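Peer 1: Got a file for you: final_0.pdb, PDB, N, CA and C atoms.
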```pdb
ATOM      1  N   MET A 281       0.821  -1.191   0.000
ATOM      2  CA  MET A 281       0.000   0.000   0.000
ATOM      3  C   MET A 281       0.871   1.264   0.000
ATOM      4  N   ASN A 282       1.939   1.244   0.776
ATOM      5  CA  ASN A 282       2.865   2.370   0.809
ATOM      6  C   ASN A 282       3.480   2.623  -0.568
ATOM      7  N   GLU A 283       3.774   1.545  -1.256
ATOM      8  CA  GLU A 283       4.381   1.664  -2.596
ATOM      9  C   GLU A 283       3.431   2.367  -3.558
ATOM     10  N   LEU A 284       2.172   2.065  -3.477
ATOM     11  CA  LEU A 284       1.161   2.693  -4.332
ATOM     12  C   LEU A 284       1.078   4.192  -4.058
ATOM     13  N   ILE A 285       1.128   4.562  -2.797
ATOM     14  CA  ILE A 285       1.081   5.974  -2.424
ATOM     15  C   ILE A 285       2.327   6.698  -2.934
ATOM     16  N   GLU A 286       3.481   6.062  -2.804
ATOM     17  CA  GLU A 286       4.735   6.667  -3.287
ATOM     18  C   GLU A 286       4.706   6.839  -4.804
ATOM     19  N   GLN A 287       4.162   5.862  -5.513
ATOM     20  CA  GLN A 287       4.047   5.978  -6.974
ATOM     21  C   GLN A 287       3.124   7.133  -7.355
ATOM     22  N   ALA A 288       2.034   7.291  -6.616
ATOM     23  CA  ALA A 288       1.100   8.391  -6.877
ATOM     24  C   ALA A 288       1.779   9.732  -6.605
ATOM     25  N   LYS A 289       2.528   9.825  -5.526
ATOM     26  CA  LYS A 289       3.248  11.063  -5.223
ATOM     27  C   LYS A 289       4.260  11.388  -6.324
ATOM     28  N   ALA A 290       4.986  10.368  -6.764
ATOM     29  CA  ALA A 290       5.990  10.569  -7.813
ATOM     30  C   ALA A 290       5.327  11.019  -9.113
ATOM     31  N   TYR A 291       4.147  10.494  -9.387
ATOM     32  CA  TYR A 291       3.436  10.836 -10.615
ATOM     33  C   TYR A 291       2.980  12.293 -10.605
ATOM     34  N   PHE A 292       2.538  12.773  -9.475
ATOM     35  CA  PHE A 292       1.970  14.112  -9.396
ATOM     36  C   PHE A 292       2.969  15.187  -8.958
ATOM     37  N   ARG A 293       4.197  14.823  -8.663
ATOM     38  CA  ARG A 293       5.160  15.828  -8.215
ATOM     39  C   ARG A 293       5.571  16.716  -9.385
ATOM     40  N   ARG A 294       6.013  17.909  -9.071
ATOM     41  CA  ARG A 294       6.472  18.864 -10.073
ATOM     42  C   ARG A 294       7.848  18.412 -10.579
ATOM     43  N   PRO A 295       8.057  18.402 -11.909
ATOM     44  CA  PRO A 295       9.361  17.972 -12.433
ATOM     45  C   PRO A 295      10.460  18.974 -12.092
ATOM     46  N   THR A 296      11.668  18.474 -11.970
ATOM     47  CA  THR A 296      12.813  19.340 -11.675
ATOM     48  C   THR A 296      13.205  20.086 -12.955
ATOM     49  N   PRO A 297      13.934  21.184 -12.803
ATOM     50  CA  PRO A 297      14.396  21.901 -13.998
ATOM     51  C   PRO A 297      15.218  20.996 -14.932
ATOM     52  N   LEU A 298      16.038  20.129 -14.370
ATOM     53  CA  LEU A 298      16.838  19.217 -15.187
ATOM     54  C   LEU A 298      15.943  18.275 -15.992
ATOM     55  N   GLU A 299      14.878  17.792 -15.381
ATOM     56  CA  GLU A 299      13.948  16.910 -16.094
ATOM     57  C   GLU A 299      13.235  17.654 -17.222
ATOM     58  N   VAL A 300      12.865  18.905 -16.972
ATOM     59  CA  VAL A 300      12.195  19.710 -17.997
ATOM     60  C   VAL A 300      13.151  19.973 -19.160
ATOM     61  N   ILE A 301      14.397  20.347 -18.827
ATOM     62  CA  ILE A 301      15.398  20.606 -19.863
ATOM     63  C   ILE A 301      15.652  19.355 -20.687
ATOM     64  N   SER A 302      15.804  18.222 -20.025
ATOM     65  CA  SER A 302      16.054  16.958 -20.728
ATOM     66  C   SER A 302      14.911  16.604 -21.674
ATOM     67  N   LYS A 303      13.692  16.809 -21.212
ATOM     68  CA  LYS A 303      12.525  16.510 -22.038
ATOM     69  C   LYS A 303      12.485  17.430 -23.258
ATOM     70  N   GLU A 304      12.719  18.731 -23.033
ATOM     71  CA  GLU A 304      12.697  19.680 -24.144
ATOM     72  C   GLU A 304      13.822  19.407 -25.136
ATOM     73  N   LEU A 305      14.993  19.014 -24.631
ATOM     74  CA  LEU A 305      16.111  18.687 -25.509
ATOM     75  C   LEU A 305      15.778  17.482 -26.382
ATOM     76  N   ALA A 306      15.171  16.474 -25.796
ATOM     77  CA  ALA A 306      14.767  15.293 -26.571
ATOM     78  C   ALA A 306      13.746  15.681 -27.643
ATOM     79  N   GLU A 307      12.804  16.567 -27.288
ATOM     80  CA  GLU A 307      11.808  17.022 -28.258
ATOM     81  C   GLU A 307      12.467  17.822 -29.387
ATOM     82  N   ALA A 308      13.482  18.628 -29.027
ATOM     83  CA  ALA A 308      14.198  19.412 -30.039
ATOM     84  C   ALA A 308      14.948  18.501 -31.004
ATOM     85  N   HIS A 309      15.567  17.440 -30.465
ATOM     86  CA  HIS A 309      16.258  16.469 -31.333
ATOM     87  C   HIS A 309      15.263  15.798 -32.281
ATOM     88  N   LEU A 310      14.118  15.429 -31.761
ATOM     89  CA  LEU A 310      13.097  14.808 -32.598
ATOM     90  C   LEU A 310      12.620  15.773 -33.681
ATOM     91  N   GLY A 311      12.393  17.024 -33.308
ATOM     92  CA  GLY A 311      11.992  18.031 -34.285
ATOM     93  C   GLY A 311      13.039  18.212 -35.372
ATOM     94  N   MET A 312      14.308  18.196 -34.979
ATOM     95  CA  MET A 312      15.398  18.323 -35.949
ATOM     96  C   MET A 312      15.405  17.141 -36.911
ATOM     97  N   LEU A 313      15.238  15.936 -36.408
ATOM     98  CA  LEU A 313      15.197  14.756 -37.278
ATOM     99  C   LEU A 313      14.037  14.833 -38.259
ATOM    100  N   GLN A 314      12.884  15.286 -37.775
ATOM    101  CA  GLN A 314      11.728  15.413 -38.658
ATOM    102  C   GLN A 314      11.973  16.472 -39.731
ATOM    103  N   ALA A 315      12.609  17.578 -39.352
ATOM    104  CA  ALA A 315      12.914  18.632 -40.318
ATOM    105  C   ALA A 315      13.927  18.145 -41.352
ATOM    106  N   GLU A 316      14.929  17.393 -40.919
ATOM    107  CA  GLU A 316      15.918  16.849 -41.851
ATOM    108  C   GLU A 316      15.263  15.881 -42.827
ATOM    109  N   THR A 317      14.319  15.093 -42.342
ATOM    110  CA  THR A 317      13.592  14.183 -43.223
ATOM    111  C   THR A 317      12.799  14.976 -44.259
ATOM    112  N   ALA A 318      12.174  16.060 -43.836
ATOM    113  CA  ALA A 318      11.411  16.902 -44.758
ATOM    114  C   ALA A 318      12.332  17.529 -45.803
ATOM    115  N   VAL A 319      13.528  17.940 -45.389
ATOM    116  CA  VAL A 319      14.498  18.509 -46.332
ATOM    117  C   VAL A 319      14.917  17.459 -47.355
ATOM    118  N   ASP A 320      15.212  16.251 -46.898
ATOM    119  CA  ASP A 320      15.586  15.163 -47.815
ATOM    120  C   ASP A 320      14.483  14.923 -48.835
ATOM    121  N   TYR A 321      13.250  14.897 -48.360
ATOM    122  CA  TYR A 321      12.108  14.662 -49.244
ATOM    123  C   TYR A 321      11.976  15.801 -50.257
ATOM    124  N   ALA A 322      12.090  17.033 -49.778
ATOM    125  CA  ALA A 322      11.957  18.184 -50.676
ATOM    126  C   ALA A 322      13.068  18.194 -51.721
ATOM    127  N   LYS A 323      14.283  17.868 -51.322
ATOM    128  CA  LYS A 323      15.388  17.805 -52.285
ATOM    129  C   LYS A 323      15.126  16.750 -53.350
ATOM    130  N   SER A 324      14.593  15.615 -52.939
ATOM    131  CA  SER A 324      14.322  14.563 -53.923
ATOM    132  C   SER A 324      13.210  14.987 -54.877
ATOM    133  N   LEU A 325      12.233  15.741 -54.381
ATOM    134  CA  LEU A 325      11.179  16.250 -55.266
ATOM    135  C   LEU A 325      11.741  17.242 -56.273
ATOM    136  N   VAL A 326      12.623  18.115 -55.835
ATOM    137  CA  VAL A 326      13.243  19.080 -56.743
ATOM    138  C   VAL A 326      14.023  18.341 -57.828
ATOM    139  N   GLU A 327      14.798  17.342 -57.427
ATOM    140  CA  GLU A 327      15.574  16.571 -58.405
ATOM    141  C   GLU A 327      14.648  15.834 -59.375
ATOM    142  N   TYR A 328      13.580  15.237 -58.856
ATOM    143  CA  TYR A 328      12.620  14.519 -59.700
ATOM    144  C   TYR A 328      12.013  15.454 -60.741
ATOM    145  N   HIS A 329      11.545  16.620 -60.297
ATOM    146  CA  HIS A 329      10.886  17.542 -61.222
ATOM    147  C   HIS A 329      11.886  18.137 -62.224
ATOM    148  N   SER A 330      13.109  18.394 -61.787
ATOM    149  CA  SER A 330      14.137  18.896 -62.712
ATOM    150  C   SER A 330      14.407  17.882 -63.812
ATOM    151  N   THR A 331      14.571  16.631 -63.428
ATOM    152  CA  THR A 331      14.814  15.572 -64.403
ATOM    153  C   THR A 331      13.611  15.422 -65.331
ATOM    154  N   ARG A 332      12.438  15.497 -64.794
ATOM    155  CA  ARG A 332      11.210  15.373 -65.594
ATOM    156  C   ARG A 332      11.099  16.518 -66.598
ATOM    157  N   ILE A 333      11.401  17.738 -66.159
ATOM    158  CA  ILE A 333      11.352  18.895 -67.054
ATOM    159  C   ILE A 333      12.354  18.735 -68.192
ATOM    160  N   GLU A 334      13.578  18.319 -67.874
ATOM    161  CA  GLU A 334      14.588  18.103 -68.911
ATOM    162  C   GLU A 334      14.106  17.071 -69.927
ATOM    163  N   ARG A 335      13.543  15.975 -69.443
ATOM    164  CA  ARG A 335      13.054  14.914 -70.330
ATOM    165  C   ARG A 335      11.929  15.426 -71.217
ATOM    166  N   LEU A 336      10.982  16.133 -70.637
ATOM    167  CA  LEU A 336       9.849  16.632 -71.417
ATOM    168  C   LEU A 336      10.271  17.697 -72.418
ATOM    169  N   GLU A 337      11.204  18.574 -72.028
ATOM    170  CA  GLU A 337      11.700  19.583 -72.964
ATOM    171  C   GLU A 337      12.426  18.932 -74.127
ATOM    172  N   SER A 338      13.161  17.863 -73.852
ATOM    173  CA  SER A 338      13.847  17.122 -74.916
ATOM    174  C   SER A 338      12.839  16.492 -75.873
ATOM    175  N   HIS A 339      11.805  15.891 -75.318
ATOM    176  CA  HIS A 339      10.763  15.304 -76.161
ATOM    177  C   HIS A 339      10.063  16.376 -76.988
ATOM    178  N   LEU A 340       9.811  17.526 -76.387
ATOM    179  CA  LEU A 340       9.147  18.619 -77.086
ATOM    180  C   LEU A 340      10.005  19.130 -78.236
ATOM    181  N   ALA A 341      11.302  19.275 -77.983
ATOM    182  CA  ALA A 341      12.212  19.737 -79.039
ATOM    183  C   ALA A 341      12.247  18.731 -80.186
ATOM    184  N   GLY A 342      12.332  17.453 -79.857
ATOM    185  CA  GLY A 342      12.337  16.415 -80.901
ATOM    186  C   GLY A 342      11.040  16.404 -81.686
ATOM    187  N   TYR A 343       9.946  16.554 -81.003
ATOM    188  CA  TYR A 343       8.634  16.581 -81.657
ATOM    189  C   TYR A 343       8.529  17.796 -82.575
ATOM    190  N   SER A 344       8.990  18.952 -82.102
ATOM    191  CA  SER A 344       8.950  20.172 -82.907
ATOM    192  C   SER A 344       9.785  20.021 -84.169
ATOM    193  N   ARG A 345      10.980  19.417 -84.059
ATOM    194  CA  ARG A 345      11.832  19.197 -85.238
ATOM    195  C   ARG A 345      11.138  18.291 -86.244
ATOM    196  N   ARG A 346      10.503  17.231 -85.748
ATOM    197  CA  ARG A 346       9.805  16.306 -86.657
ATOM    198  C   ARG A 346       8.646  17.001 -87.354
ATOM    199  N   MET A 347       7.937  17.841 -86.638
ATOM    200  CA  MET A 347       6.800  18.550 -87.232
ATOM    201  C   MET A 347       7.270  19.521 -88.313
ATOM    202  N   LYS A 348       8.413  20.197 -88.098
ATOM    203  CA  LYS A 348       8.952  21.110 -89.093
ATOM    204  C   LYS A 348       9.366  20.358 -90.352
ATOM    205  N   LYS A 349       9.992  19.182 -90.163
ATOM    206  CA  LYS A 349      10.416  18.376 -91.317
ATOM    207  C   LYS A 349       9.203  17.930 -92.119
ATOM    208  N   GLU A 350       8.159  17.538 -91.448
ATOM    209  CA  GLU A 350       6.950  17.073 -92.133
ATOM    210  C   GLU A 350       6.300  18.202 -92.927
ATOM    211  N   LYS A 351       6.348  19.421 -92.430
ATOM    212  CA  LYS A 351       5.750  20.560 -93.128
ATOM    213  C   LYS A 351       6.551  20.915 -94.378
ATOM    214  N   THR A 352       7.849  20.696 -94.356
ATOM    215  CA  THR A 352       8.679  21.051 -95.514
ATOM    216  C   THR A 352       8.647  19.972 -96.591
ATOM    217  N   VAL A 353       8.246  18.779 -96.227
ATOM    218  CA  VAL A 353       8.241  17.682 -97.208
ATOM    219  C   VAL A 353       6.961  17.652 -97.969
TER     220      VAL A 353
END
```
Translate this structure into structure tokens?

Peer 2:
Amino acid sequence: MNELIEQAKAYFRRPTPLEVISKELAEAHLGMLQAETAVDYAKSLVEYHSTRIERLESHLAGYSRRMKKEKTV
């Protein structure tokens, strides 16, 4: 019974400054990891769209050349 009361006291006690700092630091590390993941994702999207634009512009140029040749023939 004493153990239960001690657990309840420990649960409801005010955290120490060190405990608060440690918790906030862990949250900051987690936030940083999430932000780094978002940066990685955004960089991959930029690379994907750049490659896609280059490919489509190449196809467009080739198509335009073929259309010009057909008009002259």

Peer 1: What gap, in Å, lies between atom C of Gly311 of chain A and atom N of Thr331 of chain A?

Peer 2: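 Between these atoms lies a distance of 28.1 Å.
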
Peer 1: What is the distance, in Å and to one decimal place, between atom C of Ala322 of chain A and atom N of Tyr343 of chain A?

Peer 2: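 One can read the atom C of Ala322 of chain A to atom N of Tyr343 of chain A distance as 29.5 Å.
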
Peer 1: Just the number, please: distance in Å from atom N of Ile301 of chain A to atom CA of Asn282 of chain A, one decimal.

Peer 2: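 Taking atom N of Ile301 of chain A as the start and atom CA of Asn282 of chain A as the end point, the length is 29.0 Å.
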
Peer 1: Taking all atoms of segment 325-335 of chain A that the file lists and extending 8 Å past them on each side, where is the centre of the axis-aligned box and how long are its edges? Answer in Å to one decimal, as lines of an AutoDock Vina configuration file.

Peer 2:
```
center_x = 13.2
center_y = 16.8
center_z = -62.8
size_x = 20.7
size_y = 20.6
size_z = 32.8
```
